[in-house]
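> Have a look at this one before I ask anything.
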Amino acid sequence: MPTPHIAAKAPIAVEVEAGKSYWWCSCGLSQKQPFCDGSHKGSEFSPTQYTPEKSGQAWFCACKNSKRGALCDGTHKSL
């Protein structure tokens, strides 16, 4: 399995809207972190869809190693 690029070692806070789809960058190469800009094309990576149930602030993973997918689980603290 390929290793993603670590975009940052801290999560990125984003105001999200309930029911709206957000496409999280899983490869770490996007210039529009934490979201996908298509930089993964030609690799084994693909963006991950995140659709929040509630509007508010969400903390997106930027280290690309979270076990929660698009959302931070604190893994960046051990990298």
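Following the order of the structure tokens, first chain is A, next is B, and so on, with residues numbered from 1 inside each chain and ligands from 1 in the order they appear.
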Would you kindly return, as a VMD selection string, each protein, DNA or RNA residue with an atom no farther than 12 Å from any atom of Glu53 of chain A, considering only C-alpha atoms and excluding same-chain residues fewer than 2 positions away?

chain A and resid 16 to 21 50 to 51 55 to 58

> Point out the residue among A:Ser43, A:Gln33, A:Thr3, A:Gln49 with the least atom-to-atom distance to Ala62 of chain A, counting only C-alpha atoms.

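Closest to Ala62 of chain A of all the choices is A:Gln33.
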
> Grab the atom CA of Met1 of chain A to atom CA of Lys64 of chain A distance for me, in Å with one decimal place.

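Going from atom CA of Met1 of chain A over to atom CA of Lys64 of chain A covers 13.5 Å.
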
> Would you list, as a list in words, the residues of segment 9-74 of chain A that end up in strand (DSSP E or B) under DSSP run on this structure's backbone?

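Checking each residue of segment 9-74 of chain A, the strand (DSSP E or B) ones are Ile12, Ala13, Val14, Glu15, Val16, Tyr22, Trp23, Trp24, Phe35, Thr48, Gln49, Tyr50, Gly56, Gln57, Ala58, Trp59, Phe60 and Leu71 of chain A.
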
> Between A:Trp59, A:Pro2, A:Tyr22, A:Ala10, which is the closest to Thr75 of chain A once you count only C-alpha atoms?

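Of the candidates, the smallest distance to Thr75 of chain A is held by A:Ala10.
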
> Between A:Leu79, A:Cys36, A:Cys72, A:Ala8, which one has atoms that come closest to Trp24 of chain A, using only C-alpha atoms?

A:Cys36

> Quick one: residues within 7 Å of Phe45 of chain A, only C-alpha atoms counted, chain neighbours fewer than 2 positions away excluded, as number ranges by chain?

A: 26-27, 40, 43, 47

> Among chain A, which residues carry a DSSP assignment of helix (DSSP H, G or I), reported as an NGL selection string?

:A and (75-78)

> Would you compute the distance between atom CA of Ser39 of chain A and atom CA of Glu15 of chain A? Give it in Å to one decimal.

23.3 Å

> Kindly indicate which residue among A:Leu29, A:Pro52, A:Lys67, A:Trp23 lies nearest to Ile6 of chain A, using only C-alpha atoms for the distances.

A:Leu29

> Name the closest residue to His76 of chain A among the candidates A:Phe60, A:Lys9, A:Gly42, A:Pro4; distances are taken between atoms, counting only C-alpha atoms.

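Of A:Phe60, A:Lys9, A:Gly42, A:Pro4, the one nearest His76 of chain A, counting only C-alpha atoms, is A:Lys9.
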
> Considering only C-alpha atoms, state which residue in the set A:Gly69, A:Gly28, A:Gly74, A:Gly38 is at the smallest distance from Ala7 of chain A.

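Selected residue with least distance to Ala7 of chain A: A:Gly28.
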
> How many Å lie between atom CA of Ser46 of chain A and atom CA of Asp73 of chain A, rounded to one decimal?

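Atom CA of Asp73 of chain A lies at a distance of 20.0 Å from atom CA of Ser46 of chain A.
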